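**Student:** One file: final-v8.cif (mmCIF, C-alpha atoms).
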data_upload
loop_
_atom_site.label_atom_id
_atom_site.label_comp_id
_atom_site.auth_asym_id
_atom_site.auth_seq_id
_atom_site.Cartn_x
_atom_site.Cartn_y
_atom_site.Cartn_z
CA MET E 1 0.00 0.00 0.00
CA THR E 2 1.17 3.51 -0.85
CA ARG E 3 0.65 6.25 1.71
CA LEU E 4 0.28 9.85 0.53
CA PHE E 5 0.45 12.90 2.79
CA VAL E 6 -0.72 16.37 1.69
CA ALA E 7 0.03 19.62 3.49
CA GLY E 8 -3.26 21.12 2.38
CA HIS E 9 -5.16 24.39 2.63
CA SER E 10 -8.61 25.73 1.76
CA ASP E 11 -8.26 24.74 -1.90
CA SER E 12 -7.32 21.11 -1.32
CA GLY E 13 -10.84 20.26 -0.15
CA THR E 14 -14.36 20.48 -1.56
CA ALA E 15 -15.45 23.80 -0.01
CA PHE E 16 -15.29 25.71 -3.30
CA LEU E 17 -16.11 22.88 -5.72
CA PRO E 18 -19.45 21.94 -7.29
CA GLU E 19 -21.24 19.01 -5.73
CA GLY E 20 -19.78 15.70 -6.84
CA VAL E 21 -16.41 17.11 -7.99
CA LEU E 22 -13.48 15.61 -6.11
CA PRO E 23 -10.48 17.75 -5.12
CA TRP E 24 -7.01 17.06 -6.47
CA PRO E 25 -5.66 15.17 -3.39
CA GLU E 26 -8.45 12.58 -3.52
CA ARG E 27 -8.14 12.27 -7.30
CA THR E 28 -4.38 11.81 -6.94
CA ARG E 29 -4.98 9.05 -4.39
CA ALA E 30 -7.33 7.28 -6.80
CA TRP E 31 -4.82 7.65 -9.66
CA VAL E 32 -2.03 6.11 -7.58
CA ALA E 33 -4.26 3.20 -6.54
CA ALA E 34 -5.28 2.53 -10.14
CA GLY E 35 -1.71 2.76 -11.40
CA THR E 36 -0.12 0.56 -8.76
CA GLY E 37 -2.99 -1.90 -8.49
CA GLU E 38 -2.77 -1.57 -4.71
CA PRO E 39 -4.66 0.47 -2.10
CA CYS E 40 -3.49 4.04 -1.56
CA GLU E 41 -4.05 5.81 1.76
CA LEU E 42 -4.36 9.60 1.88
CA SER E 43 -3.60 11.71 4.95
CA GLU E 44 -4.12 15.46 4.82
CA VAL E 45 -3.80 18.34 7.26
CA ARG E 46 -4.50 22.02 6.80
CA PHE E 47 -1.28 23.98 7.03
CA ALA E 48 -0.11 27.59 6.90
CA ALA E 49 3.60 28.37 7.24
CA MET E 50 3.30 30.89 10.05
CA GLY E 51 3.71 30.89 13.81
CA SER E 52 6.15 29.34 16.25
CA ARG E 53 4.49 25.91 16.24
CA ALA E 54 4.13 25.46 12.48
CA VAL E 55 7.20 23.27 11.95
CA ASP E 56 6.51 20.87 14.80
CA TYR E 57 2.83 20.70 13.86
CA LEU E 58 3.46 19.62 10.27
CA VAL E 59 6.46 17.38 10.90
CA GLY E 60 4.60 15.74 13.78
CA ALA E 61 1.63 15.05 11.50
CA VAL E 62 3.97 13.49 8.92
CA GLU E 63 5.64 11.32 11.55
CA LYS E 64 2.24 10.12 12.76
CA ALA E 65 1.04 9.26 9.23
CA GLU E 66 4.34 7.59 8.17
CA PRO E 67 3.75 8.34 4.47
CA ASP E 68 5.72 7.13 1.49
CA ILE E 69 5.24 10.44 -0.34
CA VAL E 70 4.74 13.93 1.12
CA ILE E 71 3.25 16.67 -1.09
CA LEU E 72 4.35 20.08 0.20
CA PRO E 73 2.94 23.14 -1.62
CA LEU E 74 5.03 26.29 -1.06
CA THR E 75 1.90 28.31 -0.43
CA GLY E 76 2.49 32.04 -0.14
CA PHE E 77 -0.88 33.49 0.78
CA VAL E 78 0.37 34.48 4.24
CA ILE E 79 3.21 36.60 2.80
CA ALA E 80 1.77 37.91 -0.44
CA VAL E 81 -1.87 38.86 0.11
CA GLY E 82 -2.78 41.50 2.64
CA THR E 83 -5.97 40.96 4.60
CA VAL E 84 -8.22 43.53 6.21
CA ALA E 85 -8.60 41.33 9.29
CA GLU E 86 -4.86 41.33 9.93
CA SER E 87 -4.75 45.10 9.52
CA VAL E 88 -7.61 45.40 12.03
CA ARG E 89 -5.76 43.08 14.44
CA ALA E 90 -2.55 45.12 14.18
CA ARG E 91 -4.35 48.45 14.64
CA PHE E 92 -7.14 47.60 17.10
CA GLY E 93 -6.27 44.26 18.70
CA PRO E 94 -7.35 40.59 18.52
CA ARG E 95 -10.92 41.14 19.73
CA ALA E 96 -11.63 43.68 17.00
CA ALA E 97 -10.17 41.28 14.43
CA ARG E 98 -12.41 38.46 15.63
CA LEU E 99 -15.47 40.68 15.43
CA PHE E 100 -14.51 41.77 11.92
CA LEU E 101 -14.00 38.17 10.77
CA ALA E 102 -17.37 37.12 12.17
CA SER E 103 -19.08 40.03 10.41
CA GLU E 104 -17.21 39.29 7.19
CA ALA E 105 -18.23 35.62 7.27
CA ARG E 106 -21.91 36.55 7.64
CA PHE E 107 -21.67 39.02 4.77
CA GLN E 108 -19.86 36.50 2.55
CA GLY E 109 -22.58 33.95 3.23
CA HIS E 110 -25.28 36.36 2.08
CA THR E 111 -23.46 37.57 -1.05
CA ARG E 112 -21.74 34.46 -2.43
CA GLU E 113 -24.42 33.62 -5.02
CA GLY E 114 -26.15 35.77 -7.60
CA ARG E 115 -24.66 38.31 -9.98
CA LEU E 116 -25.78 41.41 -8.10
CA ARG E 117 -24.80 39.98 -4.75
CA ARG E 118 -21.32 39.07 -5.99
CA SER E 119 -20.91 42.59 -7.34
CA ALA E 120 -21.93 43.98 -3.96
CA ASN E 121 -19.43 41.64 -2.33
CA ARG E 122 -16.56 42.91 -4.49
CA ALA E 123 -17.53 46.54 -3.91
CA ALA E 124 -17.73 46.07 -0.15
CA ARG E 125 -14.35 44.36 -0.02
CA LYS E 126 -12.80 47.21 -2.02
CA VAL E 127 -14.20 49.80 0.40
CA ALA E 128 -12.99 47.81 3.41
CA ARG E 129 -9.48 47.57 1.98
CA ARG E 130 -9.39 51.30 1.28
CA VAL E 131 -10.77 52.36 4.68
CA LEU E 132 -9.18 49.80 7.01
CA GLY E 133 -6.07 48.87 5.04
CA THR E 134 -4.52 45.45 4.56
CA ARG E 135 -1.56 43.60 6.03
CA PRO E 136 0.00 40.18 5.22
CA LEU E 137 -0.23 37.54 7.91
CA SER E 138 3.52 36.86 7.93
CA THR E 139 6.83 38.06 6.51
CA VAL E 140 8.82 36.46 3.69
CA GLU E 141 11.70 35.76 6.06
CA GLN E 142 9.53 34.07 8.71
CA THR E 143 7.60 31.88 6.29
CA THR E 144 10.68 30.93 4.27
CA ALA E 145 12.48 29.86 7.43
CA ILE E 146 9.52 27.66 8.42
CA PHE E 147 9.42 25.91 5.05
CA GLU E 148 13.19 25.47 5.03
CA GLU E 149 13.24 23.79 8.42
CA ILE E 150 10.36 21.52 7.42
CA MET E 151 12.18 20.49 4.25
CA ASP E 152 15.41 19.83 6.14
CA ARG E 153 13.59 17.64 8.66
CA LEU E 154 11.67 15.75 5.98
CA ALA E 155 14.96 15.06 4.19
CA ARG E 156 16.10 13.05 7.21
CA ARG E 157 13.28 10.58 6.63
CA GLU E 158 15.05 8.18 4.28
CA SER E 159 11.90 6.19 3.53
CA THR E 160 9.88 9.25 2.45
CA GLN E 161 9.84 10.90 -0.97
CA VAL E 162 8.97 14.61 -1.04
CA VAL E 163 7.16 16.49 -3.81
CA VAL E 164 7.56 20.26 -3.45
CA VAL E 165 4.97 22.32 -5.33
CA ARG E 166 5.82 25.75 -6.68
CA ASP E 167 2.41 27.12 -5.81
CA VAL E 168 0.22 29.60 -7.66
CA ARG E 169 0.27 33.39 -7.40
CA PHE E 170 -3.48 33.97 -7.51
CA SER E 171 -5.59 35.79 -10.11
CA LYS E 172 -4.70 38.76 -12.29
CA GLU E 173 -6.94 40.94 -10.14
CA VAL E 174 -5.08 39.97 -6.96
CA GLN E 175 -1.72 40.49 -8.65
CA GLU E 176 -2.77 43.98 -9.71
CA ARG E 177 -4.10 44.75 -6.24
CA GLU E 178 -0.99 43.37 -4.52
CA PRO E 179 1.94 44.73 -6.57
CA ARG E 180 4.55 42.92 -4.43
CA VAL E 181 3.13 39.42 -4.99
CA HIS E 182 5.80 38.37 -7.47
CA GLU E 183 8.67 39.96 -5.57
CA ARG E 184 7.69 38.15 -2.36
CA PHE E 185 7.18 34.80 -4.06
CA ASP E 186 10.47 35.20 -5.95
CA ARG E 187 12.41 35.82 -2.73
CA MET E 188 10.84 32.82 -1.00
CA GLU E 189 11.23 30.45 -3.94
CA ALA E 190 14.84 31.43 -4.69
CA ARG E 191 15.82 30.06 -1.31
CA LEU E 192 13.44 27.13 -1.06
CA LEU E 193 13.91 25.71 -4.55
CA ALA E 194 17.65 25.61 -3.83
CA VAL E 195 16.87 23.61 -0.68
CA ALA E 196 14.67 21.25 -2.70
CA ALA E 197 17.47 20.72 -5.22
CA ARG E 198 19.98 20.04 -2.45
CA HIS E 199 17.74 17.34 -1.00
CA HIS E 200 16.85 15.90 -4.44
CA PHE E 201 13.13 16.51 -3.92
CA VAL E 202 10.75 16.34 -6.88
CA VAL E 203 9.58 19.85 -7.84
CA ALA E 204 6.17 20.39 -9.47
CA ASP E 205 5.69 23.79 -11.12
CA LEU E 206 2.00 24.55 -10.61
CA GLU E 207 2.41 28.29 -11.19
CA GLY E 208 4.11 27.53 -14.50
CA ALA E 209 1.24 25.28 -15.58
CA ILE E 210 -1.40 27.87 -14.66
CA SER E 211 0.56 30.68 -16.34
CA ARG E 212 0.63 28.81 -19.66
CA ALA E 213 -3.18 28.73 -19.85
CA PRO E 214 -4.80 31.31 -22.19
CA ASP E 215 -7.10 32.68 -19.48
CA ARG E 216 -5.88 32.63 -15.89
CA ASP E 217 -9.23 33.79 -14.53
CA VAL E 218 -10.96 30.45 -15.29
CA PHE E 219 -9.04 28.96 -12.36
CA TYR E 220 -10.31 31.41 -9.72
CA GLN E 221 -13.44 32.26 -7.79
CA ASP E 222 -14.61 35.88 -7.56
CA ASP E 223 -12.23 36.58 -4.67
CA GLY E 224 -9.23 35.84 -6.89
CA VAL E 225 -7.72 33.49 -4.30
CA HIS E 226 -9.91 30.41 -4.02
CA THR E 227 -10.01 28.16 -7.03
CA THR E 228 -12.38 26.38 -9.42
CA ALA E 229 -12.77 22.83 -10.71
CA ALA E 230 -10.56 23.74 -13.68
CA PHE E 231 -7.72 24.45 -11.26
CA HIS E 232 -8.08 20.98 -9.72
CA ASP E 233 -7.90 19.45 -13.20
CA VAL E 234 -4.52 21.10 -13.84
CA TYR E 235 -3.30 20.20 -10.36
CA LEU E 236 -4.15 16.53 -10.96
CA GLN E 237 -2.23 16.45 -14.23
CA LEU E 238 0.80 17.94 -12.48
CA MET E 239 0.56 15.44 -9.62
CA GLN E 240 0.40 12.54 -12.04
CA GLU E 241 3.79 13.63 -13.38
CA ALA E 242 5.39 14.52 -10.05
CA VAL E 243 4.00 11.68 -7.94
CA GLY E 244 4.71 9.30 -10.79
CA GLN E 245 8.34 10.42 -10.65
CA ALA E 246 8.43 9.97 -6.87
CA LEU E 247 6.96 6.48 -7.19
CA ALA E 248 9.57 5.54 -9.78
CA THR E 249 12.35 6.76 -7.48
CA ARG E 250 10.86 4.84 -4.58
CA ALA E 251 10.76 1.63 -6.66
#
Written as structure tokens, how would this file's structure read?
**Tutor:**
Amino acid sequence: MTRLFVAGHSDSGTAFLPEGVLPWPERTRAWVAAGTGEPCELSEVRFAAMGSRAVDYLVGAVEKAEPDIVILPLTGFVIAVGTVAESVRARFGPRAARLFLASEARFQGHTREGRLRRSANRAARKVARRVLGTRPLSTVEQTTAIFEEIMDRLARRESTQVVVVRDVRFSKEVQEREPRVHERFDRMEARLLAVAARHHFVVADLEGAISRAPDRDVFYQDDGVHTTAAFHDVYLQLMQEAVGQALATRA
């Protein structure tokens, strides 16, 4: 039996997919099982590379699952996209941030569907960003250090193959709104891809695959961050190549 482990996030599940559409981790598991002719077990945790406990949390989850292959996306949301809630937390404190998030969640629930409601949603978010400001959840240096330590510790597991994913940089709208997206990703990836090469990890270039598509917007929801079923299709194709390479190395 092959054991897969995914360091996932909000777009590795079904929250933003149509009913009946499976996310890329589950489809990758099924592809491995079909290709090997043996059962494939999938373990997944939600992970963000921020905070003092991030490394121990993820490495501990890997050690508990004892996977054959770890899929580690180098997700940069916490360094590249400023959030109003984090700006509110920095300016007014944690309680104000919690109240804002609760209010935001209620508003999102009422304006997620329908053309006019989605337009109202975008307009309200634009006003909130202008009035309250935005702030990333972490710095490039902090998040890069977390990923680097995780990769170094995973490299010590001789029985585990690691697939590092060069993750996506969001929609055109987000890139235009956040002019430092590319600069922050470039700084993080310059260091981490060198670490991946040093450890002989498999590298899957998801951002490259998305960038080659004629229309980037087909991969994103209205918020420009969360993704569509088309995104999961591309992710699966990339995992078939990368995980296939990891399986060949393991054999």
**Student:** Rounded to one decimal in Å, what is the spacing between CA of Ser52 (chain E) and CA of Ser138 (chain E)?
**Tutor:**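 If I compute the distance from CA of Ser52 (chain E) to CA of Ser138 (chain E), I get 11.5 Å.
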**Student:** What does the structure give for the distance between CA of Ala15 (chain E) and CA of Tyr220 (chain E), in Å to one decimal?
**Tutor:**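 The value is 13.4 Å.
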**Student:** Distance cut-off 6 Å, centre (-1.0, 1.8, -0.2) in file coordinates, counting only C-alpha atoms: which residues qualify? Return them as a list in words.
**Tutor:**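 Residues found, by chain and rising number: Met1, Thr2, Arg3, Glu38, Pro39, Cys40 and Glu41 of chain E.
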**Student:** Between CA of Leu238 (chain E) and CA of Val6 (chain E), what is the spacing in Å?
**Tutor:**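 Here the two named atoms are 14.3 Å from each other.
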**Student:** To test your reading of the syntax: which residues would the PyMOL selection byres ((chain E and resi 239) around 12) return for the file shown? Reply as a PyMOL selection string.
**Tutor:** chain E and resi 4+6+24-32+69-73+163-166+202-206+209+232-238+240-247
**Student:** Save out the residues we just selected, C-alpha atoms, as a PDB file, in the frame of the given file.
**Tutor:**
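Done, and the output landed in part13.pdb:
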ATOM      1  CA  LEU E   4       0.280   9.850   0.530  1.00  0.00           C
ATOM      2  CA  VAL E   6      -0.720  16.370   1.690  1.00  0.00           C
ATOM      3  CA  TRP E  24      -7.010  17.060  -6.470  1.00  0.00           C
ATOM      4  CA  PRO E  25      -5.660  15.170  -3.390  1.00  0.00           C
ATOM      5  CA  GLU E  26      -8.450  12.580  -3.520  1.00  0.00           C
ATOM      6  CA  ARG E  27      -8.140  12.270  -7.300  1.00  0.00           C
ATOM      7  CA  THR E  28      -4.380  11.810  -6.940  1.00  0.00           C
ATOM      8  CA  ARG E  29      -4.980   9.050  -4.390  1.00  0.00           C
ATOM      9  CA  ALA E  30      -7.330   7.280  -6.800  1.00  0.00           C
ATOM     10  CA  TRP E  31      -4.820   7.650  -9.660  1.00  0.00           C
ATOM     11  CA  VAL E  32      -2.030   6.110  -7.580  1.00  0.00           C
ATOM     12  CA  ILE E  69       5.240  10.440  -0.340  1.00  0.00           C
ATOM     13  CA  VAL E  70       4.740  13.930   1.120  1.00  0.00           C
ATOM     14  CA  ILE E  71       3.250  16.670  -1.090  1.00  0.00           C
ATOM     15  CA  LEU E  72       4.350  20.080   0.200  1.00  0.00           C
ATOM     16  CA  PRO E  73       2.940  23.140  -1.620  1.00  0.00           C
ATOM     17  CA  VAL E 163       7.160  16.490  -3.810  1.00  0.00           C
ATOM     18  CA  VAL E 164       7.560  20.260  -3.450  1.00  0.00           C
ATOM     19  CA  VAL E 165       4.970  22.320  -5.330  1.00  0.00           C
ATOM     20  CA  ARG E 166       5.820  25.750  -6.680  1.00  0.00           C
ATOM     21  CA  VAL E 202      10.750  16.340  -6.880  1.00  0.00           C
ATOM     22  CA  VAL E 203       9.580  19.850  -7.840  1.00  0.00           C
ATOM     23  CA  ALA E 204       6.170  20.390  -9.470  1.00  0.00           C
ATOM     24  CA  ASP E 205       5.690  23.790 -11.120  1.00  0.00           C
ATOM     25  CA  LEU E 206       2.000  24.550 -10.610  1.00  0.00           C
ATOM     26  CA  ALA E 209       1.240  25.280 -15.580  1.00  0.00           C
ATOM     27  CA  HIS E 232      -8.080  20.980  -9.720  1.00  0.00           C
ATOM     28  CA  ASP E 233      -7.900  19.450 -13.200  1.00  0.00           C
ATOM     29  CA  VAL E 234      -4.520  21.100 -13.840  1.00  0.00           C
ATOM     30  CA  TYR E 235      -3.300  20.200 -10.360  1.00  0.00           C
ATOM     31  CA  LEU E 236      -4.150  16.530 -10.960  1.00  0.00           C
ATOM     32  CA  GLN E 237      -2.230  16.450 -14.230  1.00  0.00           C
ATOM     33  CA  LEU E 238       0.800  17.940 -12.480  1.00  0.00           C
ATOM     34  CA  GLN E 240       0.400  12.540 -12.040  1.00  0.00           C
ATOM     35  CA  GLU E 241       3.790  13.630 -13.380  1.00  0.00           C
ATOM     36  CA  ALA E 242       5.390  14.520 -10.050  1.00  0.00           C
ATOM     37  CA  VAL E 243       4.000  11.680  -7.940  1.00  0.00           C
ATOM     38  CA  GLY E 244       4.710   9.300 -10.790  1.00  0.00           C
ATOM     39  CA  GLN E 245       8.340  10.420 -10.650  1.00  0.00           C
ATOM     40  CA  ALA E 246       8.430   9.970  -6.870  1.00  0.00           C
ATOM     41  CA  LEU E 247       6.960   6.480  -7.190  1.00  0.00           C
TER      42      LEU E 247
END
**Student:** Can you spell out as a ChimeraX atom specification the set of residues that the PyMOL selection byres ((chain E and resi 62) around 12) selects in the structure I just provided?
**Tutor:** /E:3-7,42-45,47,55-61,63-72,150-151,153-154,157,160-162
**Student:** Output the residue selection produced by the PyMOL selection byres ((chain E and resi 181) around 9) on the file above, formatted as a list in words.
**Tutor:** Gly76, Ile79, Ala80, Val81, Arg169, Phe170, Val174, Gln175, Glu176, Glu178, Pro179, Arg180, His182, Glu183, Arg184, Phe185 and Asp186 of chain E
**Student:** Do a neighbour search on Arg191 (chain E) at 12 Å with all atoms listed in the file, toss out local chain neighbours closer than 2 positions, and write the hits as number ranges by chain.
**Tutor:** E: 74, 140-141, 143-149, 151, 184-189, 193-198
**Student:** What lies within 6 Å of Pro23 (chain E) using only C-alpha atoms, ignoring chain neighbours under 4 positions off, as a PyMOL selection string?
**Tutor:** chain E and resi 12-14
**Student:** Excluding Ser211 (chain E) and any residue of its chain fewer than 3 positions from it, enumerate the residues within 12 Å of it, using only C-alpha atoms, and give them as an NGL selection string.
**Tutor:** :E and (167-172 or 205-208 or 214-219 or 231 or 234)
**Student:** Can you work out which one of E:Ala213, E:Ala248, E:Leu17, E:Leu137 has the shortest atom-to-atom distance to Met50 (chain E), counting only C-alpha atoms?
**Tutor:** E:Leu137
**Student:** Using only C-alpha atoms, which residue out of E:Thr249, E:Thr139, E:Thr75, E:Ser10 lies closest to Leu192 (chain E)?
**Tutor:**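 The closest residue to Leu192 (chain E) is E:Thr75.
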